[in-house]
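Structure file model.csv (CSV, C-alpha atoms and all ligand atoms) is printed below.
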```
chain,number,residue,atom,x,y,z
A,1148,MET,CA,0.7,3.7,-75.2
A,1149,THR,CA,1.2,6.6,-77.6
A,1150,ALA,CA,4.8,7.8,-77.6
A,1151,LEU,CA,6.1,9.8,-80.4
A,1152,PRO,CA,9.7,9.0,-81.3
A,1153,LEU,CA,11.7,12.2,-81.8
A,1154,HIS,CA,15.2,11.8,-83.2
A,1155,ALA,CA,17.9,13.9,-81.5
A,1156,ALA,CA,19.8,14.4,-84.9
A,1157,ASN,CA,23.1,13.4,-83.4
A,1158,PRO,CA,24.7,10.6,-85.4
A,1159,GLY,CA,28.3,9.8,-84.4
A,1160,PRO,CA,30.9,7.1,-83.6
A,1161,TYR,CA,29.4,6.4,-80.1
A,1162,THR,CA,25.7,7.0,-80.9
A,1163,GLY,CA,25.4,5.1,-84.2
A,1164,ALA,CA,22.6,6.7,-86.1
A,1165,GLY,CA,21.9,8.9,-83.1
A,1166,ASN,CA,19.5,8.9,-80.2
A,1167,TRP,CA,15.7,8.4,-80.0
A,1168,THR,CA,13.9,10.5,-77.5
A,1169,TYR,CA,10.1,10.0,-76.8
A,1170,LEU,CA,7.3,12.4,-76.3
A,1171,VAL,CA,4.3,11.2,-74.4
A,1172,PRO,CA,1.5,13.6,-75.3
A,1173,GLY,CA,-1.2,14.9,-72.9
A,1174,ALA,CA,-2.1,18.0,-70.9
A,1175,GLU,CA,1.4,17.9,-69.4
A,1176,PRO,CA,3.6,16.4,-72.2
A,1177,LEU,CA,6.5,14.3,-71.0
A,1178,LEU,CA,9.8,14.2,-72.9
A,1179,ILE,CA,11.9,11.2,-72.2
A,1180,ASP,CA,15.6,12.1,-72.7
A,1181,ALA,CA,16.8,15.6,-73.7
A,1182,GLY,CA,19.1,14.8,-76.7
A,1183,VAL,CA,21.9,17.2,-77.3
A,1184,GLY,CA,20.1,20.4,-78.1
A,1185,ASN,CA,20.2,20.2,-81.9
A,1186,ARG,CA,17.8,22.5,-83.7
A,1187,GLU,CA,16.0,19.7,-85.7
A,1188,HIS,CA,15.3,18.0,-82.4
A,1189,LEU,CA,13.9,21.1,-80.7
A,1190,ASP,CA,11.7,21.8,-83.8
A,1191,ALA,CA,10.4,18.2,-83.6
A,1192,ILE,CA,9.5,18.7,-80.0
A,1193,ALA,CA,7.8,22.0,-80.8
A,1194,ALA,CA,5.8,20.3,-83.6
A,1195,ALA,CA,4.7,17.5,-81.3
A,1196,ALA,CA,4.0,19.7,-78.2
A,1197,PRO,CA,3.7,23.4,-79.2
A,1198,GLY,CA,3.8,24.5,-75.6
A,1199,GLY,CA,6.9,22.4,-75.0
A,1200,PRO,CA,7.3,19.5,-72.6
A,1201,ALA,CA,6.0,20.1,-69.1
A,1202,ARG,CA,8.5,17.6,-67.8
A,1203,VAL,CA,11.7,16.1,-69.1
A,1204,VAL,CA,12.9,12.8,-67.6
A,1205,VAL,CA,16.5,12.0,-68.4
A,1206,SER,CA,17.5,8.3,-68.4
A,1207,HIS,CA,21.1,8.9,-67.3
A,1208,ALA,CA,23.8,11.7,-67.5
A,1209,HIS,CA,25.6,10.6,-70.6
A,1210,PRO,CA,25.9,13.5,-73.0
A,1211,ASP,CA,23.8,12.1,-75.8
A,1212,HIS,CA,20.8,11.8,-73.3
A,1213,ALA,CA,21.3,14.8,-71.0
A,1214,SER,CA,23.4,17.6,-72.7
A,1215,GLY,CA,20.3,19.0,-74.5
A,1216,ALA,CA,18.7,20.0,-71.2
A,1217,PRO,CA,19.9,23.6,-71.3
A,1218,ALA,CA,18.6,24.1,-74.8
A,1219,VAL,CA,15.2,22.7,-74.0
A,1220,SER,CA,15.1,24.9,-70.9
A,1221,ALA,CA,16.1,28.0,-72.9
A,1222,ARG,CA,13.3,27.3,-75.4
A,1223,TRP,CA,10.6,26.4,-72.8
A,1224,ALA,CA,11.4,28.0,-69.5
A,1225,SER,CA,8.5,26.2,-67.7
A,1226,ALA,CA,9.9,22.7,-68.4
A,1227,THR,CA,11.1,20.8,-65.3
A,1228,PHE,CA,13.9,18.2,-65.4
A,1229,ALA,CA,14.3,15.0,-63.4
A,1230,LYS,CA,16.6,12.1,-63.1
A,1231,VAL,CA,18.2,9.8,-60.6
A,1232,PRO,CA,21.2,11.7,-59.2
A,1233,TRP,CA,24.8,11.2,-60.4
A,1234,PRO,CA,26.0,14.5,-58.8
A,1235,GLU,CA,29.5,14.8,-60.5
A,1236,GLU,CA,28.0,14.4,-63.9
A,1237,ASP,CA,24.6,16.1,-63.4
A,1238,ALA,CA,26.3,19.4,-62.5
A,1239,ARG,CA,27.7,19.6,-66.1
A,1240,TRP,CA,24.3,20.1,-67.6
A,1241,GLY,CA,23.3,23.5,-66.2
A,1242,VAL,CA,19.6,22.9,-65.3
A,1243,ARG,CA,18.1,22.2,-61.9
A,1244,TRP,CA,17.4,18.5,-61.6
A,1245,GLU,CA,14.6,17.1,-59.5
A,1246,SER,CA,15.7,13.9,-57.9
A,1247,LEU,CA,14.0,10.6,-59.1
A,1248,ALA,CA,14.2,7.3,-57.2
A,1249,ASP,CA,13.4,3.7,-58.0
A,1250,GLY,CA,9.6,3.1,-57.9
A,1251,ALA,CA,8.6,6.8,-58.5
A,1252,ARG,CA,5.5,7.1,-60.6
A,1253,ILE,CA,5.1,9.8,-63.3
A,1254,ALA,CA,1.6,10.7,-64.3
A,1255,THR,CA,1.2,11.1,-68.1
A,1256,GLY,CA,-1.7,11.5,-70.5
A,1257,GLU,CA,-1.3,7.8,-71.1
A,1258,GLY,CA,-1.5,6.8,-67.5
A,1259,ASP,CA,1.3,6.3,-64.9
A,1260,ILE,CA,4.8,5.4,-65.9
A,1261,GLU,CA,7.1,3.9,-63.2
A,1262,VAL,CA,10.8,4.6,-62.7
A,1263,VAL,CA,12.9,1.4,-62.6
A,1264,HIS,CA,16.5,2.1,-61.5
A,1265,THR,CA,18.8,-0.1,-63.7
A,1266,PRO,CA,22.4,0.7,-63.0
A,1267,GLY,CA,25.2,-1.0,-64.9
A,1268,HIS,CA,25.7,1.0,-68.1
A,1269,ALA,CA,25.8,4.1,-65.8
A,1270,PRO,CA,25.2,4.3,-62.1
A,1271,ASP,CA,22.1,6.6,-62.5
A,1272,HIS,CA,20.6,4.7,-65.4
A,1273,ILE,CA,16.8,4.2,-65.4
A,1274,VAL,CA,14.2,2.6,-67.6
A,1275,LEU,CA,10.5,3.7,-67.6
A,1276,TRP,CA,7.8,1.1,-67.3
A,1277,HIS,CA,4.2,1.5,-68.6
A,1278,ALA,CA,2.6,-1.5,-67.1
A,1279,SER,CA,-0.8,-1.3,-68.7
A,1280,SER,CA,0.7,-1.6,-72.2
A,1281,ARG,CA,3.7,-3.6,-71.1
A,1282,THR,CA,5.9,-1.0,-72.8
A,1283,LEU,CA,9.4,-0.3,-71.5
A,1284,PHE,CA,11.3,2.9,-72.4
A,1285,GLY,CA,14.7,1.1,-72.3
A,1286,ALA,CA,17.2,4.0,-72.8
A,1287,ASP,CA,20.7,2.3,-73.0
A,1288,LEU,CA,19.8,-1.0,-71.3
A,1289,VAL,CA,19.4,-2.9,-74.6
A,1290,GLN,CA,19.9,-2.3,-78.3
A,1291,LEU,CA,19.2,-4.4,-81.3
A,1292,GLY,CA,22.2,-5.6,-83.3
A,1293,ASN,CA,24.7,-4.5,-80.6
A,1294,THR,CA,25.7,-5.0,-77.1
A,1295,VAL,CA,25.7,-2.2,-74.5
A,1296,ALA,CA,29.0,-0.6,-73.3
A,1297,ILE,CA,29.9,-1.0,-69.6
A,1298,PRO,CA,32.5,1.7,-69.1
A,1299,ALA,CA,34.1,0.2,-66.0
A,1300,SER,CA,36.4,3.2,-65.2
A,1301,LYS,CA,33.5,5.7,-65.6
A,1302,GLY,CA,30.7,4.4,-63.5
A,1303,GLY,CA,29.9,1.1,-65.4
A,1304,ASP,CA,29.3,-2.0,-63.3
A,1305,LEU,CA,28.8,-5.4,-65.0
A,1306,THR,CA,27.4,-7.1,-61.9
A,1307,ALA,CA,24.8,-4.3,-61.5
A,1308,TYR,CA,24.1,-4.5,-65.3
A,1309,LEU,CA,23.3,-8.2,-65.2
A,1310,ARG,CA,21.1,-7.7,-62.2
A,1311,SER,CA,19.3,-4.9,-64.1
A,1312,LEU,CA,18.8,-7.1,-67.1
A,1313,LYS,CA,17.2,-9.8,-64.9
A,1314,ARG,CA,15.0,-7.3,-63.2
A,1315,VAL,CA,13.6,-6.1,-66.5
A,1316,ARG,CA,13.3,-9.7,-67.7
A,1317,ALA,CA,11.0,-10.3,-64.7
A,1318,LEU,CA,8.7,-7.4,-65.8
A,1319,ALA,CA,8.2,-9.3,-69.1
A,1320,PRO,CA,7.9,-6.3,-71.4
A,1321,ALA,CA,6.1,-6.8,-74.7
A,1322,ARG,CA,8.2,-4.2,-76.4
A,1323,VAL,CA,11.1,-1.9,-75.7
A,1324,LEU,CA,11.5,1.6,-77.1
A,1325,PRO,CA,15.3,2.1,-76.9
A,1326,ALA,CA,17.4,5.2,-77.1
A,1327,HIS,CA,19.4,3.6,-80.0
A,1328,GLY,CA,18.2,1.5,-82.9
A,1329,PRO,CA,14.8,0.2,-83.8
A,1330,VAL,CA,11.9,-0.8,-81.5
A,1331,ILE,CA,12.6,-4.1,-79.9
A,1332,GLU,CA,9.5,-6.4,-80.4
A,1333,ASP,CA,11.0,-9.5,-78.7
A,1334,PRO,CA,12.8,-8.1,-75.7
A,1335,LEU,CA,13.0,-11.3,-73.7
A,1336,ALA,CA,14.8,-13.1,-76.5
A,1337,LEU,CA,17.3,-10.2,-76.7
A,1338,ILE,CA,17.9,-10.1,-73.0
A,1339,GLU,CA,18.5,-13.9,-73.1
A,1340,HIS,CA,21.0,-13.4,-75.9
A,1341,TYR,CA,22.7,-10.7,-73.9
A,1342,LEU,CA,23.0,-12.9,-70.8
A,1343,VAL,CA,24.5,-15.8,-72.9
A,1344,HIS,CA,26.8,-13.4,-74.7
A,1345,ARG,CA,28.2,-12.0,-71.4
A,1346,HIS,CA,28.6,-15.5,-70.0
A,1347,HIS,CA,30.5,-16.5,-73.2
A,1348,ARG,CA,32.8,-13.4,-72.8
A,1349,GLU,CA,33.5,-14.3,-69.2
A,1350,VAL,CA,34.6,-17.8,-70.2
A,1351,GLN,CA,36.9,-16.3,-72.9
A,1352,ILE,CA,38.4,-13.9,-70.3
A,1353,VAL,CA,38.9,-16.7,-67.7
A,1354,THR,CA,40.6,-18.8,-70.4
A,1355,ALA,CA,42.9,-15.9,-71.3
A,1356,LEU,CA,43.8,-15.4,-67.7
A,1357,GLU,CA,44.5,-19.1,-67.4
A,1358,GLY,CA,46.9,-18.7,-70.3
A,1359,GLY,CA,48.8,-16.0,-68.5
A,1360,ILE,CA,47.3,-13.0,-70.5
A,1361,ASP,CA,47.0,-10.7,-67.6
A,1362,THR,CA,46.1,-7.1,-68.7
A,1363,ALA,CA,42.8,-5.8,-70.1
A,1364,GLU,CA,44.6,-4.5,-73.2
A,1365,ALA,CA,46.3,-7.9,-73.9
A,1366,ILE,CA,43.0,-9.7,-73.4
A,1367,VAL,CA,41.3,-7.3,-75.9
A,1368,ALA,CA,44.0,-8.1,-78.4
A,1369,ARG,CA,43.4,-11.8,-77.9
A,1370,ILE,CA,39.6,-12.1,-77.9
A,1371,TYR,CA,38.6,-9.1,-80.2
A,1372,ALA,CA,40.9,-10.0,-83.0
A,1373,GLY,CA,40.6,-7.6,-85.9
A,1374,LEU,CA,38.8,-4.9,-84.0
A,1375,ALA,CA,38.8,-1.4,-85.5
A,1376,PRO,CA,41.4,0.7,-83.6
A,1377,ARG,CA,38.8,3.3,-82.7
A,1378,LEU,CA,36.7,0.7,-80.9
A,1379,VAL,CA,39.6,-0.6,-78.8
A,1380,PRO,CA,39.1,1.8,-75.8
A,1381,LEU,CA,35.4,0.7,-75.5
A,1382,ALA,CA,36.4,-3.0,-75.7
A,1383,THR,CA,39.0,-2.4,-73.1
A,1384,GLU,CA,36.4,-0.9,-70.8
A,1385,ASN,CA,34.2,-3.9,-71.3
A,1386,VAL,CA,36.9,-6.4,-70.5
A,1387,LEU,CA,37.8,-4.4,-67.4
A,1388,ALA,CA,34.1,-4.6,-66.5
A,1389,HIS,CA,34.3,-8.4,-66.7
A,1390,LEU,CA,37.6,-8.4,-64.7
A,1391,VAL,CA,36.0,-6.3,-61.9
A,1392,LYS,CA,33.0,-8.7,-61.9
A,1393,LEU,CA,35.4,-11.6,-61.5
A,1394,GLU,CA,37.1,-9.8,-58.6
A,1395,HIS,CA,33.6,-9.2,-57.1
A,1396,ASP,CA,32.8,-12.9,-57.4
A,1397,GLY,CA,36.0,-13.7,-55.6
A,1398,LEU,CA,37.5,-15.4,-58.7
A,1399,ALA,CA,40.3,-12.9,-59.7
A,1400,ARG,CA,42.5,-10.3,-58.1
A,1401,ARG,CA,44.5,-7.4,-59.4
A,1402,ASP,CA,48.0,-6.0,-58.8
A,1403,GLY,CA,48.1,-2.7,-60.6
A,1404,PRO,CA,47.2,-3.3,-64.2
A,1405,ARG,CA,47.8,-7.0,-63.9
A,1406,TRP,CA,45.1,-9.6,-63.2
A,1407,GLN,CA,45.2,-13.2,-62.1
A,1408,LEU,CA,42.8,-15.9,-61.2
A,1409,ILE,CA,42.5,-16.9,-57.6
A,1410,THR,CA,43.2,-20.6,-57.5
A,1501,ZN,ZN,24.7,5.9,-72.2
```
For this file, produce the structure as structure tokens.
Amino acid sequence: MTALPLHAANPGPYTGAGNWTYLVPGAEPLLIDAGVGNREHLDAIAAAAPGGPARVVVSHAHPDHASGAPAVSARWASATFAKVPWPEEDARWGVRWESLADGARIATGEGDIEVVHTPGHAPDHIVLWHASSRTLFGADLVQLGNTVAIPASKGGDLTAYLRSLKRVRALAPARVLPAHGPVIEDPLALIEHYLVHRHHREVQIVTALEGGIDTAEAIVARIYAGLAPRLVPLATENVLAHLVKLEHDGLARRDGPRWQLIT
């Protein structure tokens, strides 16, 4: 599988060094993720595919993946755009989205790529699977050296995320090309690490609830001691994601902002 990594040139507090997008060359070049419309990114796309991408597939509607769509469209009017729908968010990005569904196949110069719907980080999140090379374009499903945010009050769903991780584990990818960080050469080990980490977090949160610590904010203060203040909102969303999963599992219930175990 030949896929050219093209950096979106958007470093920041939530994107780390910034996003990777990927160009699969061929008669109809495919761009995976639209970046944010930065000039350096558009120039890199032009250098890799002088006629521009025939098709842009966006992994999910978060701004670092989708907000560049209008800039790509302005530069290459013939490019088409596709993603799994998340209507409230998609409308922000000012292009016409073709609707993708789980199992859709996308023809490329490198053979077919299959859409795998992997909700959790976002409801519309997909990864792209190139079976013949066992290469997965992983978007925000996994990232080396970090865990993935589950923004529970903005479409994140930990139960769905864990199911998505297990679904990708069953594909047994040989390598993952992610949207953030370096290429993942041992994805099954990373997925295993993620599953263990999430289980460990759940145990910590159950222990906090048992001790009478009953809001997401208070649980963050307990289990993320010394966390940088700017990261507290993300951690709070992650704890909330765990609490919602416990509710889902019939193990906890909420009363406004307060949570308690069902005993
Ligand atoms: Zn994202």
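Once Ala1248 in chain A and its same-chain neighbours fewer than 4 positions away are set aside, Ala1229, Lys1230, Val1231, Pro1232, Arg1252, Glu1261, Val1262, Val1263, His1264, Asp1271 and Ile1273 of chain A remain within 10 Å of it when counting only C-alpha atoms.
Put simply, CA of Trp1233 in chain A is 16.5 Å away from CA of Val1203 in chain A.
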Skipping near chain neighbours, those fewer than 4 positions away, what residues fall within 10 Å of range 1148-1150 of chain A using only C-alpha atoms, listed as a list in words? Thr1168, Tyr1169, Leu1170, Val1171, Pro1172, Gly1173, Leu1177, Leu1178, Ile1179, Gly1256, Glu1257, Gly1258, His1277, Ala1278, Ser1279, Ser1280, Arg1281, Thr1282, Phe1284 and Leu1324 of chain A
With all atoms listed in the file as the counted atoms, please give the residues lying no more than 9 Å from Val1353 in chain A, apart from itself and same-chain residues fewer than 5 positions off, as a PDB file with C-alpha atoms, in the coordinates of the input.
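Result went into part_20.pdb, see below:
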```pdb
ATOM      1  CA  ARG A1348      32.800 -13.400 -72.800  1.00  0.00           C
ATOM      2  CA  GLY A1358      46.900 -18.700 -70.300  1.00  0.00           C
ATOM      3  CA  LEU A1390      37.600  -8.400 -64.700  1.00  0.00           C
ATOM      4  CA  LEU A1393      35.400 -11.600 -61.500  1.00  0.00           C
ATOM      5  CA  ALA A1399      40.300 -12.900 -59.700  1.00  0.00           C
ATOM      6  CA  LEU A1408      42.800 -15.900 -61.200  1.00  0.00           C
TER       7      LEU A1408
END
```
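Proximity of A:Asn1166, A:Thr1255, A:Thr1410, A:Thr1265 to Val1315 in chain A, computed with all atoms listed in the file, is greatest for A:Thr1265.
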Restrict the calculation to all atoms listed in the file, then for each residue of chain A with any atom at most 7 Å from an atom of ligand ZN 1501 (chain A) give the closest atom pair and their distance in Å to one decimal, rows by chain and rising residue number, as JSON lines.
```
{"residue": "A:His1207", "atom": "CA", "partner": "A:ZN1501", "partner_atom": "ZN", "distance": 6.8}
{"residue": "A:His1209", "atom": "CA", "partner": "A:ZN1501", "partner_atom": "ZN", "distance": 5.0}
{"residue": "A:His1268", "atom": "CA", "partner": "A:ZN1501", "partner_atom": "ZN", "distance": 6.5}
{"residue": "A:Ala1269", "atom": "CA", "partner": "A:ZN1501", "partner_atom": "ZN", "distance": 6.7}
{"residue": "A:Asp1287", "atom": "CA", "partner": "A:ZN1501", "partner_atom": "ZN", "distance": 5.4}
```
Mind writing the picked residues with C-alpha atoms as a compact mmCIF listing (two decimals), in the coordinates of the input?
```
# COMPACT_ATOMS: atom_id res chain seq x y z
CA HIS A 1207 21.10 8.90 -67.30
CA HIS A 1209 25.60 10.60 -70.60
CA HIS A 1268 25.70 1.00 -68.10
CA ALA A 1269 25.80 4.10 -65.80
CA ASP A 1287 20.70 2.30 -73.00
```
What does the distance from CA of Gly1241 in chain A to CA of Trp1167 in chain A come to in Å, to one decimal?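 Taking CA of Gly1241 in chain A and CA of Trp1167 in chain A, their separation equals 21.8 Å.
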Residues within 8 Å of (18.1, 20.1, -64.9), counting all atoms listed in the file, listed as a ChimeraX atom specification: /A:1216-1217,1227-1229,1237,1240-1245
To one decimal in Å, tell me the separation between CA of Val1379 in chain A and CA of Trp1406 in chain A.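 So the two atoms, CA of Val1379 in chain A and CA of Trp1406 in chain A, lie 18.8 Å apart.
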So that I can see what lies close to Ala1201 in chain A, please list as a list in words the residues with an atom at most 6 Å from it, counting all atoms listed in the file and leaving out residues fewer than 5 positions away in the same chain. Glu1175, Pro1176 and Ala1226 of chain A
Leu1291 in chain A: which residues within 9 Å, counting all atoms listed in the file, same-chain residues fewer than 2 positions away excluded, as a PyMOL selection string? chain A and resi 1289+1293-1294+1325+1327-1331+1337
From the list A:Ala1213, A:Ala1194, A:Val1204, A:Val1323, the nearest residue to Ala1251 in chain A using only C-alpha atoms is A:Val1204
Counting all atoms listed in the file, the residue of A:Ala1208, A:Leu1378, A:Ser1311, A:Gln1407 that sits nearest Ala1238 in chain A: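 Between A:Ala1208, A:Leu1378, A:Ser1311, A:Gln1407, the residue approaching Ala1238 in chain A most closely is A:Ala1208.
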